[in-house]
>>> print(open('query34.tsv').read())   # TSV, C-alpha atoms
chain	number	residue	atom	x	y	z
O	1	MET	CA	-7.73	2.66	-18.04
O	2	THR	CA	-7.90	5.82	-16.00
O	3	PRO	CA	-9.07	9.00	-17.73
O	4	ARG	CA	-6.24	11.43	-17.98
O	5	PRO	CA	-6.40	15.00	-16.80
O	6	GLU	CA	-5.86	17.41	-19.65
O	7	VAL	CA	-2.31	18.36	-20.32
O	8	THR	CA	-1.95	22.08	-20.61
O	9	GLY	CA	1.73	22.76	-21.09
O	10	SER	CA	4.95	21.70	-22.65
O	11	SER	CA	7.60	21.86	-19.95
O	12	VAL	CA	7.34	18.20	-19.46
O	13	LEU	CA	10.56	16.26	-19.62
O	14	SER	CA	11.77	16.41	-16.12
O	15	SER	CA	9.67	17.91	-13.42
O	16	ARG	CA	6.75	15.86	-14.46
O	17	ARG	CA	8.61	12.77	-13.45
O	18	ILE	CA	9.35	13.89	-9.98
O	19	PHE	CA	6.21	12.76	-8.41
O	20	LEU	CA	6.04	9.72	-10.52
O	21	HIS	CA	9.21	8.60	-8.91
O	22	LEU	CA	8.02	9.58	-5.50
O	23	GLY	CA	5.20	7.16	-5.84
O	24	ILE	CA	7.25	4.42	-7.33
O	25	MET	CA	10.02	4.71	-4.83
O	26	ALA	CA	7.53	4.56	-2.04
O	27	GLY	CA	6.25	1.20	-3.08
O	28	LEU	CA	9.51	-0.23	-4.21
O	29	ILE	CA	11.42	0.63	-1.12
O	30	ALA	CA	8.53	-0.45	1.00
O	31	VAL	CA	8.81	-3.97	-0.26
O	32	ALA	CA	12.55	-4.05	-0.30
O	33	CYS	CA	12.60	-7.38	1.45
O	34	SER	CA	11.02	-8.96	-1.57
O	35	SER	CA	12.69	-10.85	-4.35
O	36	HIS	CA	12.09	-11.49	-7.99
O	37	LYS	CA	14.16	-14.00	-9.86
O	38	SER	CA	17.31	-12.19	-10.84
O	39	ARG	CA	16.19	-8.72	-9.89
O	40	THR	CA	14.99	-7.68	-6.49
O	41	LEU	CA	12.72	-4.81	-5.71
O	42	GLU	CA	15.65	-3.15	-4.07
O	43	ASP	CA	17.37	-3.28	-7.45
O	44	VAL	CA	14.33	-1.78	-9.10
O	45	ALA	CA	14.17	0.91	-6.46
O	46	LEU	CA	17.78	1.81	-7.09
O	47	GLU	CA	17.15	1.91	-10.83
O	48	SER	CA	14.25	4.25	-10.28
O	49	SER	CA	16.34	6.38	-8.02
O	50	GLY	CA	19.07	6.53	-10.61
O	51	ARG	CA	16.66	7.49	-13.35
O	52	PHE	CA	15.23	10.13	-11.14
O	53	ALA	CA	18.66	11.58	-10.50
O	54	VAL	CA	19.18	11.84	-14.26
O	55	VAL	CA	15.80	13.39	-14.72
O	56	LEU	CA	16.49	15.91	-12.02
O	57	GLY	CA	19.56	17.00	-13.91
O	58	GLU	CA	17.40	18.00	-16.84
O	59	VAL	CA	14.73	19.40	-14.69
O	60	VAL	CA	12.17	21.98	-14.49
O	61	GLY	CA	13.52	24.66	-16.67
O	62	ASP	CA	15.08	26.83	-14.06
O	63	PRO	CA	17.74	25.64	-11.66
O	64	GLU	CA	16.19	27.12	-8.57
O	65	ARG	CA	12.92	25.30	-8.95
O	66	SER	CA	14.77	22.20	-9.99
O	67	ALA	CA	16.83	22.26	-6.83
O	68	ARG	CA	13.78	22.83	-4.70
O	69	ALA	CA	11.96	19.94	-6.33
O	70	GLY	CA	14.98	17.79	-5.64
O	71	GLU	CA	14.95	18.76	-1.98
O	72	ILE	CA	11.30	17.92	-1.69
O	73	PHE	CA	11.91	14.58	-3.31
O	74	ALA	CA	14.79	13.77	-1.00
O	75	ALA	CA	12.75	14.60	2.07
O	76	TYR	CA	9.82	12.64	0.77
O	77	ARG	CA	11.98	9.65	0.09
O	78	GLU	CA	13.29	9.66	3.62
O	79	GLN	CA	9.76	9.83	4.94
O	80	GLN	CA	8.76	6.94	2.72
O	81	GLN	CA	11.63	4.83	3.89
O	82	ARG	CA	10.83	5.44	7.52
O	83	PHE	CA	7.19	4.74	6.88
O	84	ALA	CA	7.98	1.53	5.06
O	85	ALA	CA	10.24	0.35	7.85
O	86	ASP	CA	7.74	1.22	10.54
O	87	MET	CA	4.86	-0.38	8.69
O	88	GLY	CA	6.92	-3.49	8.08
O	89	ALA	CA	7.52	-3.82	11.79
O	90	LEU	CA	3.90	-3.12	12.62
O	91	LYS	CA	2.77	-5.60	10.02
O	92	ALA	CA	4.93	-8.32	11.50
O	93	GLU	CA	3.49	-7.61	14.93
O	94	ALA	CA	-0.04	-7.53	13.57
O	95	LEU	CA	0.38	-10.87	11.86
O	96	ASP	CA	1.76	-12.40	15.02
O	97	LEU	CA	-1.25	-11.13	16.91
O	98	TYR	CA	-3.59	-12.45	14.26
O	99	GLY	CA	-2.06	-15.89	14.43
O	100	ASN	CA	-1.96	-16.07	18.20
O	101	TYR	CA	-4.95	-17.85	19.67
O	102	GLY	CA	-4.69	-15.91	22.92
O	103	THR	CA	-4.70	-12.39	21.49
O	104	THR	CA	-7.34	-10.23	23.14
O	105	ASP	CA	-9.58	-7.51	21.75
O	106	GLU	CA	-7.54	-5.02	23.73
O	107	ASP	CA	-4.39	-6.18	21.99
O	108	PHE	CA	-6.00	-5.62	18.60
O	109	GLU	CA	-7.37	-2.25	19.60
O	110	ALA	CA	-3.93	-1.14	20.66
O	111	MET	CA	-2.50	-2.32	17.37
O	112	ALA	CA	-5.22	-0.54	15.40
O	113	ALA	CA	-4.39	2.67	17.20
O	114	ARG	CA	-0.73	2.31	16.38
O	115	LEU	CA	-1.50	1.63	12.72
O	116	ARG	CA	-3.77	4.61	12.48
O	117	GLY	CA	-1.27	6.81	14.25
O	118	ARG	CA	1.53	5.88	11.90
O	119	ARG	CA	-0.62	6.31	8.82
O	120	GLU	CA	-1.68	9.73	10.01
O	121	VAL	CA	1.89	10.84	10.51
O	122	PHE	CA	2.62	9.70	6.98
O	123	ARG	CA	-0.47	11.48	5.72
O	124	ASP	CA	0.78	14.70	7.25
O	125	GLU	CA	4.13	14.25	5.59
O	126	ILE	CA	2.64	13.44	2.20
O	127	ALA	CA	0.19	16.30	2.31
O	128	SER	CA	2.87	18.73	3.23
O	129	GLY	CA	5.26	17.48	0.57
O	130	LEU	CA	2.62	17.47	-2.12
O	131	ALA	CA	1.53	20.98	-1.27
O	132	GLU	CA	5.11	22.13	-1.60
O	133	LEU	CA	5.52	20.34	-4.88
O	134	ILE	CA	2.34	21.86	-6.26
O	135	GLU	CA	3.73	25.26	-5.38
O	136	VAL	CA	7.09	24.61	-6.96
O	137	LEU	CA	5.80	23.23	-10.23
O	138	GLU	CA	4.04	25.21	-12.90
O	139	PRO	CA	0.44	24.10	-13.43
O	140	ASP	CA	1.22	22.40	-16.70
O	141	GLU	CA	4.18	20.62	-15.17
O	142	TRP	CA	2.04	19.41	-12.30
O	143	ASN	CA	-0.66	18.30	-14.65
O	144	GLU	CA	1.80	16.33	-16.67
O	145	THR	CA	3.28	14.87	-13.54
O	146	VAL	CA	-0.09	13.48	-12.60
O	147	ASN	CA	-0.49	12.07	-16.07
O	148	LEU	CA	2.79	10.28	-15.74
O	149	MET	CA	1.81	8.88	-12.40
O	150	LEU	CA	-1.26	7.43	-13.99
O	151	ASP	CA	0.84	6.05	-16.83
O	152	GLU	CA	3.07	4.44	-14.26
O	153	GLU	CA	0.08	2.76	-12.70
O	154	ASP	CA	-0.70	1.31	-16.08
O	155	ARG	CA	2.85	0.11	-16.43
O	156	TRP	CA	2.64	-1.69	-13.12
O	157	ARG	CA	-0.61	-3.24	-14.15
O	158	GLU	CA	1.07	-4.56	-17.27
O	159	LEU	CA	3.92	-5.89	-15.19
O	160	ALA	CA	1.49	-7.63	-12.93
O	161	ARG	CA	-0.15	-9.59	-15.73
A	1	MET	CA	1.54	-17.37	9.07
A	2	LYS	CA	2.28	-16.09	5.64
A	3	ASP	CA	1.21	-13.00	3.79
A	4	GLU	CA	1.20	-13.66	0.09
A	5	ARG	CA	1.10	-9.99	-0.73
A	6	SER	CA	4.60	-9.16	0.31
A	7	ASN	CA	6.65	-11.29	-1.96
A	8	SER	CA	7.78	-10.50	-5.47
A	9	VAL	CA	7.51	-7.89	-8.13
A	10	GLY	CA	6.25	-9.35	-11.35
A	11	SER	CA	3.97	-11.73	-9.58
A	12	PRO	CA	0.24	-11.45	-10.27
A	13	THR	CA	-0.15	-9.20	-7.28
A	14	SER	CA	2.95	-7.07	-7.48
A	15	PHE	CA	1.24	-3.82	-8.35
A	16	HIS	CA	-1.23	-4.39	-5.59
A	17	GLN	CA	1.53	-5.10	-3.13
A	18	VAL	CA	2.99	-1.70	-3.68
A	19	LEU	CA	-0.24	-0.06	-2.66
A	20	ILE	CA	-1.16	-2.48	0.03
A	21	ILE	CA	2.10	-2.28	1.85
A	22	LEU	CA	1.86	1.47	1.94
A	23	PHE	CA	-1.75	1.77	2.86
A	24	GLY	CA	-3.17	-1.68	2.94
A	25	ALA	CA	-5.03	-3.50	5.60
A	26	LEU	CA	-2.73	-5.86	7.35
A	27	PHE	CA	-4.54	-8.75	8.85
A	28	PHE	CA	-5.73	-10.87	5.98
A	29	SER	CA	-3.31	-13.70	5.64
A	30	PRO	CA	-4.81	-16.98	4.59
A	31	GLY	CA	-1.32	-17.91	3.47
A	32	GLY	CA	0.26	-20.80	1.68
A	33	GLY	CA	-1.74	-20.43	-1.50
A	34	GLU	CA	-4.24	-22.91	-0.11
A	35	PRO	CA	-7.64	-21.57	0.88
A	36	LEU	CA	-7.96	-21.13	4.59
A	37	ALA	CA	-11.14	-23.17	4.52
A	38	GLU	CA	-9.19	-26.19	3.29
A	39	ARG	CA	-6.72	-25.97	6.12
A	40	VAL	CA	-9.48	-25.53	8.64
A	41	LYS	CA	-11.28	-28.55	7.25
A	42	ASP	CA	-8.15	-30.62	7.70
A	43	ALA	CA	-7.62	-29.41	11.23
A	44	VAL	CA	-11.10	-29.98	12.66
A	45	SER	CA	-12.33	-33.54	13.02
A	46	ASP	CA	-15.62	-32.93	14.80
A	47	SER	CA	-18.12	-32.84	11.96
A	48	ALA	CA	-20.64	-30.36	13.37
A	49	ARG	CA	-17.97	-27.93	14.44
A	50	GLN	CA	-16.06	-28.50	11.25
A	51	GLU	CA	-18.99	-27.23	9.24
A	52	ARG	CA	-19.20	-24.02	11.24
A	53	ALA	CA	-15.45	-23.53	11.24
A	54	VAL	CA	-15.18	-24.06	7.51
A	55	GLY	CA	-18.00	-21.58	7.00
A	56	ALA	CA	-16.12	-18.99	9.03
A	57	ALA	CA	-12.94	-19.66	7.10
A	58	GLU	CA	-14.77	-19.39	3.80
A	59	ALA	CA	-15.97	-15.96	4.83
A	60	ILE	CA	-12.35	-14.94	5.37
A	61	ASP	CA	-11.33	-16.39	2.02
A	62	ALA	CA	-14.19	-14.61	0.30
A	63	ALA	CA	-13.22	-11.26	1.75
A	64	VAL	CA	-9.60	-11.48	0.65
A	65	GLY	CA	-8.88	-8.82	-1.93
A	66	GLU	CA	-11.66	-6.43	-1.01
A	67	ASP	CA	-9.15	-4.13	0.58
A	68	ILE	CA	-6.87	-4.37	-2.43
A	69	ASP	CA	-9.66	-3.46	-4.81
A	70	PHE	CA	-10.56	-0.52	-2.67
A	71	VAL	CA	-7.01	0.77	-2.44
A	72	ILE	CA	-6.50	0.58	-6.19
A	73	LYS	CA	-9.71	2.43	-6.85
A	74	TRP	CA	-8.82	4.99	-4.24
A	75	HIS	CA	-5.34	5.42	-5.67
A	76	GLU	CA	-6.68	6.39	-9.07
A	77	GLU	CA	-9.19	8.74	-7.55
A	78	PHE	CA	-6.41	10.26	-5.51
A	79	TYR	CA	-4.39	11.05	-8.59
A	80	ARG	CA	-7.32	12.57	-10.37
A	81	ALA	CA	-8.16	14.68	-7.34
A	82	ILE	CA	-4.67	16.02	-6.79
A	83	GLY	CA	-4.25	16.65	-10.51
A	84	GLY	CA	-7.10	19.14	-10.44
A	85	ALA	CA	-6.58	22.85	-10.61
A	86	ASP	CA	-7.82	23.32	-7.06
A	87	ALA	CA	-5.52	20.75	-5.48
A	88	ASP	CA	-4.03	21.85	-2.19
A	89	GLU	CA	-2.88	20.40	1.10
A	90	ALA	CA	-6.39	20.20	2.55
A	91	LEU	CA	-7.60	18.23	-0.42
A	92	VAL	CA	-4.68	15.83	-0.20
A	93	ARG	CA	-5.24	15.31	3.51
A	94	GLY	CA	-8.93	14.69	2.97
A	95	LYS	CA	-8.33	12.07	0.32
A	96	ILE	CA	-5.78	10.28	2.47
A	97	ASP	CA	-8.12	10.38	5.43
A	98	GLU	CA	-10.63	8.54	3.28
A	99	VAL	CA	-8.29	5.64	2.75
A	100	ILE	CA	-7.11	5.58	6.35
A	101	ASP	CA	-10.68	5.39	7.62
A	102	ARG	CA	-11.69	2.74	5.15
A	103	LEU	CA	-8.68	0.61	5.87
A	104	ALA	CA	-9.45	0.74	9.57
A	105	GLU	CA	-12.91	-0.55	8.71
A	106	PHE	CA	-11.45	-3.35	6.62
A	107	GLU	CA	-9.14	-4.31	9.43
A	108	GLN	CA	-11.99	-4.37	11.91
A	109	GLN	CA	-14.02	-6.49	9.52
A	110	GLN	CA	-11.09	-8.84	9.15
A	111	LEU	CA	-10.73	-9.13	12.89
A	112	ASN	CA	-14.43	-9.83	13.27
A	113	LEU	CA	-14.09	-12.66	10.79
A	114	ARG	CA	-11.06	-13.93	12.64
A	115	GLY	CA	-13.08	-13.87	15.84
A	116	ASP	CA	-15.81	-15.93	14.20
A	117	LEU	CA	-13.28	-18.52	13.18
A	118	ARG	CA	-11.54	-18.56	16.52
A	119	ASP	CA	-14.84	-19.22	18.26
A	120	GLN	CA	-15.06	-22.50	16.36
A	121	LEU	CA	-11.55	-23.79	16.93
A	122	GLU	CA	-9.73	-25.31	19.84
A	123	SER	CA	-6.33	-23.83	20.50
A	124	SER	CA	-4.58	-26.91	19.13
A	125	GLU	CA	-6.62	-26.72	15.92
A	126	TRP	CA	-5.88	-23.03	15.63
A	127	ALA	CA	-2.19	-23.77	15.95
A	128	GLU	CA	-2.45	-26.42	13.25
A	129	VAL	CA	-4.01	-23.92	10.88
A	130	PHE	CA	-1.81	-20.93	11.53
A	131	ASP	CA	1.57	-22.17	12.75
>>> encode(input="query34.tsv", output="structure tokens")
Amino acid sequence: MTPRPEVTGSSVLSSRRIFLHLGIMAGLIAVACSSHKSRTLEDVALESSGRFAVVLGEVVGDPERSARAGEIFAAYREQQQRFAADMGALKAEALDLYGNYGTTDEDFEAMAARLRGRREVFRDEIASGLAELIEVLEPDEWNETVNLMLDEEDRWRELAR
Amino acid sequence: MKDERSNSVGSPTSFHQVLIILFGALFFSPGGGEPLAERVKDAVSDSARQERAVGAAEAIDAAVGEDIDFVIKWHEEFYRAIGGADADEALVRGKIDEVIDRLAEFEQQQLNLRGDLRDQLESSEWAEVFD
């Protein structure tokens, strides 16, 4: 279990969940081609998105910050979706290369450069979005957000058992 | 060739899949649930070469999951780091650079292992293992 940062505030119910959902949506949408018995990851992603929309309605205390947090989330989600799609395509290419007897070192080097390049673009997007979010949220809200992200990791671990 | 890490939520690796697909190294794909070494053993009839090929495949099998373990550990560290009072864009970028660099190393390692295996297999044997 991951040690939790100290929680310092009480304005917790909504804004704290923003980033939690950012992270979850990222993964869920990224694997949207997957399936699970009666419930696909796409379904789960939509559920998360729906919950997030509800949470945003309650949000941050003041409407202005709430709206801004929502904008950041929307932008982030778009970035995640693009990243997931691009990485899915790159992954398929990479696996084809891996399985092809005739693939050369140059082919792999070119693929590595493309992977790095795409990850770095995503890094820039994440860093920018996170910095904005940190500015929008009060310190205690941010702290609680991180706590919830860690809780969500635990939840996924439970799910994975 | 299959990648077992991209299938279903609720499976034993679902949490890992979320992280791996976002940041994970891409090349490991022993596939099929059967150890790669087993498939290689079946594909290579020459006994001396079989031993070397199986050894190379076992190295690939043994390395599976190293990247996943790293990403999970990194993920938790990432949260702790950005939850700190001094978190800012530079810190976030630095932490993400860590995982990008490490994943590139994993991928290179994986390709090196692939190269070791390829050196031991004829093209027809390779096709039998991976097609």
>>> atom_distance(input="query34.tsv", atom1="CA of Arg123 in chain O", atom2="CA of Ile96 in chain A")
6.3 Å
>>> residues_near_point(input="query34.tsv", point="(-11.7, -21.2, 4.9)", cutoff="9 Å", atoms="only C-alpha atoms", output="list in words")
Pro30, Pro35, Leu36, Ala37, Glu38, Arg39, Val40, Lys41, Ala53, Val54, Gly55, Ala56, Ala57, Glu58, Ala59, Ile60, Asp61, Ala62 and Leu117 of chain A
>>> atom_distance(input="query34.tsv", atom1="CA of Glu71 in chain O", atom2="CA of Leu130 in chain O")
12.4 Å
>>> closest_residue(input="query34.tsv", among="O:Ala69, O:Leu137, O:Val146, O:Met111", to="Lys91 in chain O", atoms="only C-alpha atoms")
O:Met111
>>> residues_near_point(input="query34.tsv", point="(-11.9, -22.7, 15.9)", cutoff="9 Å", atoms="all atoms listed in the file", output="VMD selection string")
chain A and resid 40 44 49 to 50 52 to 53 56 115 to 123 125 to 126
>>> write_last_selection(input="query34.tsv", atoms="C-alpha atoms", output="short mmCIF file (atom, residue, chain, number, x, y, z; two decimals), in the frame of the given file")
data_model
loop_
_atom_site.label_atom_id
_atom_site.label_comp_id
_atom_site.auth_asym_id
_atom_site.auth_seq_id
_atom_site.Cartn_x
_atom_site.Cartn_y
_atom_site.Cartn_z
CA VAL A 40 -9.48 -25.53 8.64
CA VAL A 44 -11.10 -29.98 12.66
CA ARG A 49 -17.97 -27.93 14.44
CA GLN A 50 -16.06 -28.50 11.25
CA ARG A 52 -19.20 -24.02 11.24
CA ALA A 53 -15.45 -23.53 11.24
CA ALA A 56 -16.12 -18.99 9.03
CA GLY A 115 -13.08 -13.87 15.84
CA ASP A 116 -15.81 -15.93 14.20
CA LEU A 117 -13.28 -18.52 13.18
CA ARG A 118 -11.54 -18.56 16.52
CA ASP A 119 -14.84 -19.22 18.26
CA GLN A 120 -15.06 -22.50 16.36
CA LEU A 121 -11.55 -23.79 16.93
CA GLU A 122 -9.73 -25.31 19.84
CA SER A 123 -6.33 -23.83 20.50
CA GLU A 125 -6.62 -26.72 15.92
CA TRP A 126 -5.88 -23.03 15.63
#
>>> atom_distance(input="query34.tsv", atom1="CA of Val71 in chain A", atom2="CA of Pro139 in chain O")
26.8 Å
>>> build_atoms(input="query34.tsv", residues="range 61-90 of chain A", atoms="N, CA and C atoms", output="PDB file, keeping the file's coordinate frame")
ATOM      1  N   ASP A  61     -11.827 -16.221   3.392  1.00  0.00           N
ATOM      2  CA  ASP A  61     -11.330 -16.390   2.020  1.00  0.00           C
ATOM      3  C   ASP A  61     -12.080 -15.477   1.044  1.00  0.00           C
ATOM      4  N   ALA A  62     -13.388 -15.395   1.235  1.00  0.00           N
ATOM      5  CA  ALA A  62     -14.190 -14.610   0.300  1.00  0.00           C
ATOM      6  C   ALA A  62     -13.887 -13.115   0.388  1.00  0.00           C
ATOM      7  N   ALA A  63     -13.470 -12.692   1.555  1.00  0.00           N
ATOM      8  CA  ALA A  63     -13.220 -11.260   1.750  1.00  0.00           C
ATOM      9  C   ALA A  63     -11.816 -10.845   1.316  1.00  0.00           C
ATOM     10  N   VAL A  64     -10.969 -11.814   1.071  1.00  0.00           N
ATOM     11  CA  VAL A  64      -9.600 -11.480   0.650  1.00  0.00           C
ATOM     12  C   VAL A  64      -9.643 -10.698  -0.658  1.00  0.00           C
ATOM     13  N   GLY A  65      -8.938  -9.612  -0.709  1.00  0.00           N
ATOM     14  CA  GLY A  65      -8.880  -8.820  -1.930  1.00  0.00           C
ATOM     15  C   GLY A  65      -9.793  -7.622  -1.933  1.00  0.00           C
ATOM     16  N   GLU A  66     -10.771  -7.603  -1.058  1.00  0.00           N
ATOM     17  CA  GLU A  66     -11.660  -6.430  -1.010  1.00  0.00           C
ATOM     18  C   GLU A  66     -10.872  -5.163  -0.702  1.00  0.00           C
ATOM     19  N   ASP A  67      -9.950  -5.298   0.218  1.00  0.00           N
ATOM     20  CA  ASP A  67      -9.150  -4.130   0.580  1.00  0.00           C
ATOM     21  C   ASP A  67      -8.251  -3.703  -0.580  1.00  0.00           C
ATOM     22  N   ILE A  68      -7.738  -4.689  -1.285  1.00  0.00           N
ATOM     23  CA  ILE A  68      -6.870  -4.370  -2.430  1.00  0.00           C
ATOM     24  C   ILE A  68      -7.656  -3.615  -3.492  1.00  0.00           C
ATOM     25  N   ASP A  69      -8.832  -4.128  -3.799  1.00  0.00           N
ATOM     26  CA  ASP A  69      -9.660  -3.460  -4.810  1.00  0.00           C
ATOM     27  C   ASP A  69      -9.965  -2.031  -4.398  1.00  0.00           C
ATOM     28  N   PHE A  70     -10.250  -1.874  -3.132  1.00  0.00           N
ATOM     29  CA  PHE A  70     -10.560  -0.520  -2.670  1.00  0.00           C
ATOM     30  C   PHE A  70      -9.353   0.398  -2.812  1.00  0.00           C
ATOM     31  N   VAL A  71      -8.194  -0.082  -2.410  1.00  0.00           N
ATOM     32  CA  VAL A  71      -7.010   0.770  -2.440  1.00  0.00           C
ATOM     33  C   VAL A  71      -6.666   1.173  -3.881  1.00  0.00           C
ATOM     34  N   ILE A  72      -6.806   0.246  -4.794  1.00  0.00           N
ATOM     35  CA  ILE A  72      -6.500   0.580  -6.190  1.00  0.00           C
ATOM     36  C   ILE A  72      -7.471   1.653  -6.706  1.00  0.00           C
ATOM     37  N   LYS A  73      -8.715   1.447  -6.420  1.00  0.00           N
ATOM     38  CA  LYS A  73      -9.710   2.430  -6.850  1.00  0.00           C
ATOM     39  C   LYS A  73      -9.422   3.797  -6.209  1.00  0.00           C
ATOM     40  N   TRP A  74      -9.128   3.745  -4.941  1.00  0.00           N
ATOM     41  CA  TRP A  74      -8.820   4.990  -4.240  1.00  0.00           C
ATOM     42  C   TRP A  74      -7.598   5.658  -4.843  1.00  0.00           C
ATOM     43  N   HIS A  75      -6.591   4.884  -5.160  1.00  0.00           N
ATOM     44  CA  HIS A  75      -5.340   5.420  -5.670  1.00  0.00           C
ATOM     45  C   HIS A  75      -5.575   6.234  -6.950  1.00  0.00           C
ATOM     46  N   GLU A  76      -6.387   5.675  -7.819  1.00  0.00           N
ATOM     47  CA  GLU A  76      -6.680   6.390  -9.070  1.00  0.00           C
ATOM     48  C   GLU A  76      -7.479   7.659  -8.797  1.00  0.00           C
ATOM     49  N   GLU A  77      -8.419   7.550  -7.901  1.00  0.00           N
ATOM     50  CA  GLU A  77      -9.190   8.740  -7.550  1.00  0.00           C
ATOM     51  C   GLU A  77      -8.289   9.814  -6.937  1.00  0.00           C
ATOM     52  N   PHE A  78      -7.351   9.350  -6.160  1.00  0.00           N
ATOM     53  CA  PHE A  78      -6.410  10.260  -5.510  1.00  0.00           C
ATOM     54  C   PHE A  78      -5.638  11.062  -6.558  1.00  0.00           C
ATOM     55  N   TYR A  79      -5.141  10.363  -7.548  1.00  0.00           N
ATOM     56  CA  TYR A  79      -4.390  11.050  -8.590  1.00  0.00           C
ATOM     57  C   TYR A  79      -5.254  12.070  -9.328  1.00  0.00           C
ATOM     58  N   ARG A  80      -6.452  11.641  -9.644  1.00  0.00           N
ATOM     59  CA  ARG A  80      -7.320  12.570 -10.370  1.00  0.00           C
ATOM     60  C   ARG A  80      -7.612  13.805  -9.525  1.00  0.00           C
ATOM     61  N   ALA A  81      -7.816  13.554  -8.229  1.00  0.00           N
ATOM     62  CA  ALA A  81      -8.160  14.680  -7.340  1.00  0.00           C
ATOM     63  C   ALA A  81      -6.993  15.646  -7.215  1.00  0.00           C
ATOM     64  N   ILE A  82      -5.797  15.107  -6.999  1.00  0.00           N
ATOM     65  CA  ILE A  82      -4.670  16.020  -6.790  1.00  0.00           C
ATOM     66  C   ILE A  82      -4.184  16.619  -8.099  1.00  0.00           C
ATOM     67  N   GLY A  83      -4.621  16.064  -9.215  1.00  0.00           N
ATOM     68  CA  GLY A  83      -4.250  16.650 -10.510  1.00  0.00           C
ATOM     69  C   GLY A  83      -5.144  17.807 -10.898  1.00  0.00           C
ATOM     70  N   GLY A  84      -6.181  18.055 -10.123  1.00  0.00           N
ATOM     71  CA  GLY A  84      -7.100  19.140 -10.440  1.00  0.00           C
ATOM     72  C   GLY A  84      -6.496  20.507 -10.152  1.00  0.00           C
ATOM     73  N   ALA A  85      -7.106  21.485 -10.742  1.00  0.00           N
ATOM     74  CA  ALA A  85      -6.580  22.850 -10.610  1.00  0.00           C
ATOM     75  C   ALA A  85      -6.685  23.363  -9.168  1.00  0.00           C
ATOM     76  N   ASP A  86      -7.615  22.813  -8.417  1.00  0.00           N
ATOM     77  CA  ASP A  86      -7.820  23.320  -7.060  1.00  0.00           C
ATOM     78  C   ASP A  86      -7.115  22.471  -6.001  1.00  0.00           C
ATOM     79  N   ALA A  87      -6.197  21.636  -6.432  1.00  0.00           N
ATOM     80  CA  ALA A  87      -5.520  20.750  -5.480  1.00  0.00           C
ATOM     81  C   ALA A  87      -4.701  21.569  -4.482  1.00  0.00           C
ATOM     82  N   ASP A  88      -4.844  21.228  -3.224  1.00  0.00           N
ATOM     83  CA  ASP A  88      -4.030  21.850  -2.190  1.00  0.00           C
ATOM     84  C   ASP A  88      -3.845  20.862  -1.035  1.00  0.00           C
ATOM     85  N   GLU A  89      -3.204  21.307  -0.004  1.00  0.00           N
ATOM     86  CA  GLU A  89      -2.880  20.400   1.100  1.00  0.00           C
ATOM     87  C   GLU A  89      -4.147  19.829   1.752  1.00  0.00           C
ATOM     88  N   ALA A  90      -5.153  20.668   1.899  1.00  0.00           N
ATOM     89  CA  ALA A  90      -6.390  20.200   2.550  1.00  0.00           C
ATOM     90  C   ALA A  90      -7.030  19.084   1.732  1.00  0.00           C
TER      91      ALA A  90
END
